[in-house]
$ cat start_13.csv   # CSV, C-alpha atoms
chain,number,residue,atom,x,y,z
A,1,MET,CA,0.0,0.0,0.0
A,2,SER,CA,3.0,2.3,0.4
A,3,ASN,CA,3.2,2.9,-3.3
A,4,ASN,CA,-0.3,4.3,-3.2
A,5,SER,CA,0.1,6.4,0.0
A,6,ASN,CA,-0.4,9.6,-2.0
A,7,MET,CA,-3.9,8.4,-2.9
A,8,ILE,CA,-5.0,7.9,0.7
A,9,HIS,CA,-5.7,10.8,3.0
A,10,ARG,CA,-6.8,10.7,6.6
A,11,LEU,CA,-8.8,13.3,8.3
A,12,ASN,CA,-10.2,13.6,11.9
A,13,LEU,CA,-13.2,15.8,12.1
A,14,GLU,CA,-15.9,16.1,14.8
A,15,ASN,CA,-14.9,12.9,16.5
A,16,LYS,CA,-14.9,11.0,13.2
A,17,GLU,CA,-12.1,9.4,11.2
A,18,PHE,CA,-12.3,9.8,7.5
A,19,ILE,CA,-10.1,7.8,5.1
A,20,LEU,CA,-10.3,9.4,1.6
A,21,LEU,CA,-9.3,7.1,-1.2
A,22,GLY,CA,-8.7,8.6,-4.7
A,23,THR,CA,-9.2,6.4,-7.7
A,24,ALA,CA,-9.2,6.3,-11.5
A,25,HIS,CA,-12.6,5.2,-12.7
A,26,VAL,CA,-11.3,2.7,-15.2
A,27,SER,CA,-8.3,1.3,-13.3
A,28,LYS,CA,-7.9,-2.3,-12.2
A,29,GLN,CA,-5.2,-1.2,-9.7
A,30,SER,CA,-7.7,1.3,-8.2
A,31,ALA,CA,-10.2,-1.5,-7.6
A,32,GLU,CA,-7.6,-3.7,-6.0
A,33,LEU,CA,-6.5,-0.8,-3.7
A,34,VAL,CA,-10.1,-0.2,-2.7
A,35,LYS,CA,-10.5,-3.8,-1.7
A,36,GLN,CA,-7.3,-3.8,0.4
A,37,VAL,CA,-8.1,-0.5,2.2
A,38,ILE,CA,-11.6,-1.6,3.2
A,39,GLU,CA,-10.5,-5.0,4.4
A,40,ASP,CA,-7.6,-3.4,6.4
A,41,GLU,CA,-9.5,-0.5,7.9
A,42,LYS,CA,-12.9,-2.2,8.5
A,43,PRO,CA,-14.9,1.1,8.5
A,44,ASP,CA,-18.4,1.6,9.9
A,45,THR,CA,-19.4,3.2,6.6
A,46,VAL,CA,-18.2,3.1,3.0
A,47,CYS,CA,-19.0,6.2,0.9
A,48,VAL,CA,-18.9,5.9,-2.8
A,49,GLU,CA,-19.0,8.6,-5.5
A,50,LEU,CA,-22.2,7.3,-7.0
A,51,CYS,CA,-25.8,8.4,-7.0
A,52,GLU,CA,-28.8,6.0,-7.1
A,53,SER,CA,-29.1,6.4,-10.9
A,54,ARG,CA,-25.4,5.7,-11.6
A,55,TYR,CA,-25.4,2.8,-9.1
A,56,LYS,CA,-28.3,1.2,-11.0
A,57,ALA,CA,-26.6,1.8,-14.3
A,58,LEU,CA,-23.5,-0.1,-13.1
A,59,ARG,CA,-25.6,-3.0,-11.8
A,60,GLU,CA,-28.1,-3.0,-14.7
A,61,LYS,CA,-25.8,-2.4,-17.7
A,62,GLU,CA,-28.5,-2.1,-20.4
A,63,MET,CA,-30.8,0.1,-18.4
A,64,TRP,CA,-30.6,2.9,-20.9
A,65,GLN,CA,-32.4,0.6,-23.4
A,66,ASP,CA,-35.6,1.0,-21.4
A,67,THR,CA,-35.4,4.8,-21.8
A,68,ASP,CA,-38.6,6.3,-23.4
A,69,ILE,CA,-36.9,7.9,-26.4
A,70,VAL,CA,-40.0,9.7,-27.6
A,71,LYS,CA,-40.5,11.3,-24.2
A,72,VAL,CA,-36.9,12.4,-24.2
A,73,ILE,CA,-37.3,14.1,-27.6
A,74,ARG,CA,-40.6,15.7,-26.6
A,75,GLU,CA,-38.9,17.2,-23.5
A,76,LYS,CA,-36.1,18.5,-25.6
A,77,LYS,CA,-33.5,16.3,-23.8
A,78,SER,CA,-32.2,14.4,-26.8
A,79,PHE,CA,-28.8,16.1,-26.7
A,80,LEU,CA,-28.6,15.3,-22.9
A,81,LEU,CA,-29.3,11.7,-23.6
A,82,LEU,CA,-26.8,11.5,-26.4
A,83,THR,CA,-24.1,13.2,-24.3
A,84,ASN,CA,-24.7,10.7,-21.5
A,85,LEU,CA,-24.4,7.8,-23.9
A,86,LEU,CA,-21.2,9.1,-25.4
A,87,LEU,CA,-19.7,9.5,-22.0
A,88,ALA,CA,-20.7,5.9,-21.1
A,89,SER,CA,-19.4,4.7,-24.4
A,90,PHE,CA,-16.0,6.3,-23.9
A,91,GLN,CA,-15.6,4.7,-20.4
A,92,LYS,CA,-16.8,1.4,-21.7
A,93,ARG,CA,-14.3,1.3,-24.6
A,94,ILE,CA,-11.4,2.1,-22.3
A,95,ALA,CA,-12.6,-0.5,-19.8
A,96,LYS,CA,-12.8,-3.1,-22.7
A,97,LYS,CA,-9.3,-2.3,-23.8
A,98,PHE,CA,-7.9,-3.0,-20.4
A,99,ASP,CA,-10.3,-5.9,-19.7
A,100,ILE,CA,-12.0,-4.3,-16.7
A,101,LYS,CA,-15.5,-3.2,-15.9
A,102,PRO,CA,-16.5,0.5,-16.0
A,103,GLY,CA,-16.8,1.7,-12.4
A,104,GLN,CA,-15.1,-1.4,-11.1
A,105,GLU,CA,-13.6,0.4,-8.2
A,106,MET,CA,-17.0,1.6,-7.0
A,107,ILE,CA,-18.6,-1.8,-7.4
A,108,GLN,CA,-15.6,-3.2,-5.5
A,109,ALA,CA,-16.1,-0.7,-2.7
A,110,ILE,CA,-19.7,-1.7,-2.3
A,111,GLU,CA,-19.0,-5.4,-2.4
A,112,SER,CA,-16.1,-5.1,0.1
A,113,GLY,CA,-18.2,-2.9,2.4
A,114,GLU,CA,-21.0,-5.4,2.3
A,115,ALA,CA,-18.6,-8.2,3.1
A,116,ILE,CA,-17.6,-6.6,6.4
A,117,GLU,CA,-21.3,-5.5,7.0
A,118,ALA,CA,-20.4,-1.8,6.7
A,119,LYS,CA,-23.1,0.7,5.8
A,120,ILE,CA,-23.0,1.8,2.1
A,121,HIS,CA,-23.5,5.5,1.6
A,122,LEU,CA,-24.2,6.8,-2.0
A,123,ALA,CA,-22.7,10.2,-1.7
A,124,ASP,CA,-22.9,11.8,-5.2
A,125,ARG,CA,-25.6,14.2,-6.4
A,126,ASP,CA,-28.1,12.6,-8.8
A,127,ILE,CA,-26.4,12.6,-12.2
A,128,ARG,CA,-29.7,13.6,-13.9
A,129,ILE,CA,-29.8,16.8,-11.8
A,130,THR,CA,-26.2,17.6,-12.5
A,131,LEU,CA,-26.5,17.1,-16.3
A,132,SER,CA,-29.9,18.9,-16.4
A,133,ARG,CA,-28.5,21.9,-14.6
A,134,THR,CA,-25.5,22.0,-16.9
A,135,TRP,CA,-27.6,21.6,-20.0
A,136,ARG,CA,-30.0,24.5,-19.0
A,137,THR,CA,-27.1,26.9,-18.5
A,138,MET,CA,-25.2,26.1,-21.6
A,139,GLY,CA,-25.7,28.0,-24.9
A,140,LEU,CA,-26.3,26.2,-28.2
A,141,TRP,CA,-22.6,26.7,-29.3
A,142,SER,CA,-21.3,25.3,-26.0
A,143,LYS,CA,-23.6,22.2,-26.4
A,144,PHE,CA,-22.3,21.6,-29.9
A,145,LYS,CA,-18.7,22.2,-28.7
A,146,LEU,CA,-19.1,19.7,-25.9
A,147,PHE,CA,-20.7,17.1,-28.2
A,148,PHE,CA,-17.9,17.3,-30.8
A,149,GLN,CA,-15.2,17.1,-28.1
A,150,LEU,CA,-16.8,13.9,-26.8
A,151,VAL,CA,-17.1,12.4,-30.3
A,152,LEU,CA,-13.4,13.2,-31.0
A,153,SER,CA,-12.4,11.7,-27.7
A,154,LEU,CA,-13.9,8.4,-28.7
A,155,GLY,CA,-11.3,8.1,-31.5
A,156,GLU,CA,-8.4,8.6,-29.1
A,157,VAL,CA,-9.1,5.6,-27.0
A,158,ASP,CA,-6.6,3.4,-28.9
A,159,ASP,CA,-3.8,5.8,-28.0
A,160,ILE,CA,-4.5,5.6,-24.2
A,161,SER,CA,-2.1,3.3,-22.3
A,162,GLN,CA,-2.4,1.7,-18.8
A,163,GLU,CA,0.2,4.2,-17.7
A,164,ASP,CA,-2.0,7.1,-18.9
A,165,ILE,CA,-4.9,5.7,-16.9
A,166,GLU,CA,-2.8,5.6,-13.7
A,167,LYS,CA,-1.6,9.2,-14.4
A,168,LEU,CA,-5.2,10.3,-14.0
A,169,LYS,CA,-4.7,9.7,-10.3
A,170,GLN,CA,-1.9,12.3,-10.1
A,171,LYS,CA,-3.2,15.6,-8.7
A,172,ASP,CA,-1.1,17.9,-11.0
A,173,VAL,CA,-2.5,16.2,-14.2
A,174,LEU,CA,-6.0,16.5,-12.9
A,175,GLU,CA,-5.5,20.2,-12.0
A,176,THR,CA,-4.2,20.9,-15.5
A,177,LEU,CA,-7.2,19.1,-17.0
A,178,LEU,CA,-9.7,21.0,-14.8
A,179,ALA,CA,-8.0,24.3,-15.7
A,180,ASP,CA,-8.4,23.5,-19.4
A,181,VAL,CA,-12.1,22.6,-18.9
A,182,GLY,CA,-12.6,25.8,-17.0
A,183,LYS,CA,-11.1,27.9,-19.8
A,184,SER,CA,-13.0,26.3,-22.7
A,185,LEU,CA,-16.4,25.7,-20.9
A,186,PRO,CA,-16.5,27.5,-17.6
A,187,VAL,CA,-20.1,26.4,-16.9
A,188,LEU,CA,-19.0,22.7,-16.9
A,189,LYS,CA,-16.3,23.3,-14.3
A,190,ASP,CA,-18.8,25.2,-12.0
A,191,ILE,CA,-21.6,22.6,-12.2
A,192,LEU,CA,-19.9,19.4,-13.0
A,193,ILE,CA,-16.9,19.9,-10.7
A,194,ASP,CA,-17.3,22.7,-8.1
A,195,GLU,CA,-21.0,22.1,-7.2
A,196,ARG,CA,-20.6,18.3,-7.1
A,197,ASP,CA,-17.5,18.6,-5.0
A,198,ARG,CA,-19.4,20.6,-2.4
A,199,TYR,CA,-22.3,18.2,-2.4
A,200,LEU,CA,-20.0,15.2,-2.1
A,201,ALA,CA,-18.0,16.7,0.7
A,202,HIS,CA,-21.2,17.4,2.7
A,203,LYS,CA,-22.5,13.9,2.2
A,204,ILE,CA,-19.3,12.3,3.3
A,205,LYS,CA,-19.0,14.6,6.3
A,206,THR,CA,-22.5,13.7,7.5
A,207,ALA,CA,-22.3,10.0,6.7
A,208,PRO,CA,-23.2,7.7,9.7
A,209,GLY,CA,-20.5,6.0,11.8
A,210,ASN,CA,-17.3,6.9,13.5
A,211,LYS,CA,-14.9,5.5,10.9
A,212,ILE,CA,-15.6,6.2,7.2
A,213,VAL,CA,-13.8,5.1,4.0
A,214,ALA,CA,-14.8,7.4,1.1
A,215,VAL,CA,-14.0,6.2,-2.4
A,216,VAL,CA,-13.9,9.1,-4.8
A,217,GLY,CA,-12.4,10.1,-8.1
A,218,ALA,CA,-8.8,11.4,-7.6
A,219,GLY,CA,-8.4,15.2,-7.5

$ encode --input "start_13.csv" --output "structure tokens"
Amino acid sequence: MSNNSNMIHRLNLENKEFILLGTAHVSKQSAELVKQVIEDEKPDTVCVELCESRYKALREKEMWQDTDIVKVIREKKSFLLLTNLLLASFQKRIAKKFDIKPGQEMIQAIESGEAIEAKIHLADRDIRITLSRTWRTMGLWSKFKLFFQLVLSLGEVDDISQEDIEKLKQKDVLETLLADVGKSLPVLKDILIDERDRYLAHKIKTAPGNKIVAVVGAG
């Protein structure tokens, strides 16, 4: 675990011990580290960076096929659905390349927590609220810009190495990435990152138990 010590942060706050574990969302090493930390620490509660919708999506992989497409189009949310599917496709292609499951580290956190009878706490804001808020505040040009950036990113999957995935866990790389996002589409950084971070921090801080392991994306 010493090689991953920079991904584990301990905090003591209001008579609670918090163990924050940063992960890459498509990293097999991240999933293995999650399992090891939970087994070693035996927390009262395991917090995961998932909302109910994303949790169900990981467990029910084809859930999107049950979506009422006509209703989505009528409510003018077709771009929102397409963006969500593109993001899922990008993660799925990376996961397939490295023979892992998308969100494997979150699933591992839940399974390891259940194995020691810890409480499982879904700590993220509902992804539908986050995306809807983003979509409503974005102009048409920003929407098209985001869409084409996502489409172009799909073609870059073959150039991504396992080393690149692990570099996602390094804070300086993430800070650079977030800075770039903030420059090109500031509304994305405000809602997708800043607002979610505040929500996530509050949910973790108020989670039940005296010893809490929180599994979150690095950064």

$ atom_distance --input "start_13.csv" --atom1 "CA of Glu14 in chain A" --atom2 "CA of Glu49 in chain A"
21.9 Å

$ atom_distance --input "start_13.csv" --atom1 "CA of Asp40 in chain A" --atom2 "CA of Glu105 in chain A"
16.2 Å

$ atom_distance --input "start_13.csv" --atom1 "CA of Ala123 in chain A" --atom2 "CA of Asn6 in chain A"
22.3 Å

$ residues_near_point --input "start_13.csv" --point "(-20.0, 11.8, -3.0)" --cutoff "7 Å" --atoms "only C-alpha atoms" --output "JSON, numbers by chain"
{"A": [47, 48, 49, 50, 122, 123, 124, 125, 199, 200, 201, 203, 204, 216]}

$ residues_around --input "start_13.csv" --residues "range 209-212 of chain A" --least-positions-apart "5" --cutoff "6 Å" --atoms "only C-alpha atoms" --output "PyMOL selection string"
chain A and resi 16-18+43-46

$ residues_near_point --input "start_13.csv" --point "(-24.2, -1.1, -7.8)" --cutoff "8 Å" --atoms "all atoms listed in the file" --output "ChimeraX atom specification"
/A:54-59,106-107,110

$ closest_residue --input "start_13.csv" --among "A:Ala118, A:Leu21, A:Met138, A:Ala31" --to "Pro208 in chain A" --atoms "all atoms listed in the file"
A:Ala118

$ axis_aligned_box --input "start_13.csv" --around "range 122-128 of chain A" --padding-each-side "3 Å" --output "AutoDock Vina command-line options"
--center_x -26.2 --center_y 10.5 --center_z -7.8 --size_x 13.0 --size_y 13.4 --size_z 18.2

$ closest_residue --input "start_13.csv" --among "A:Arg196, A:Lys42, A:Lys35, A:Lys189" --to "Asp126 in chain A" --atoms "all atoms listed in the file"
A:Arg196

$ residues_around --input "start_13.csv" --residues "His9 in chain A" --least-positions-apart "6" --cutoff "10 Å" --atoms "all atoms listed in the file" --output "list in words"
Phe18, Ile19, Leu20, Leu21, Gly22, Val213 and Ala214 of chain A

$ closest_residue --input "start_13.csv" --among "A:Ile116, A:Ile191, A:Ala207, A:Ala109" --to "Ser132 in chain A" --atoms "all atoms listed in the file"
A:Ile191
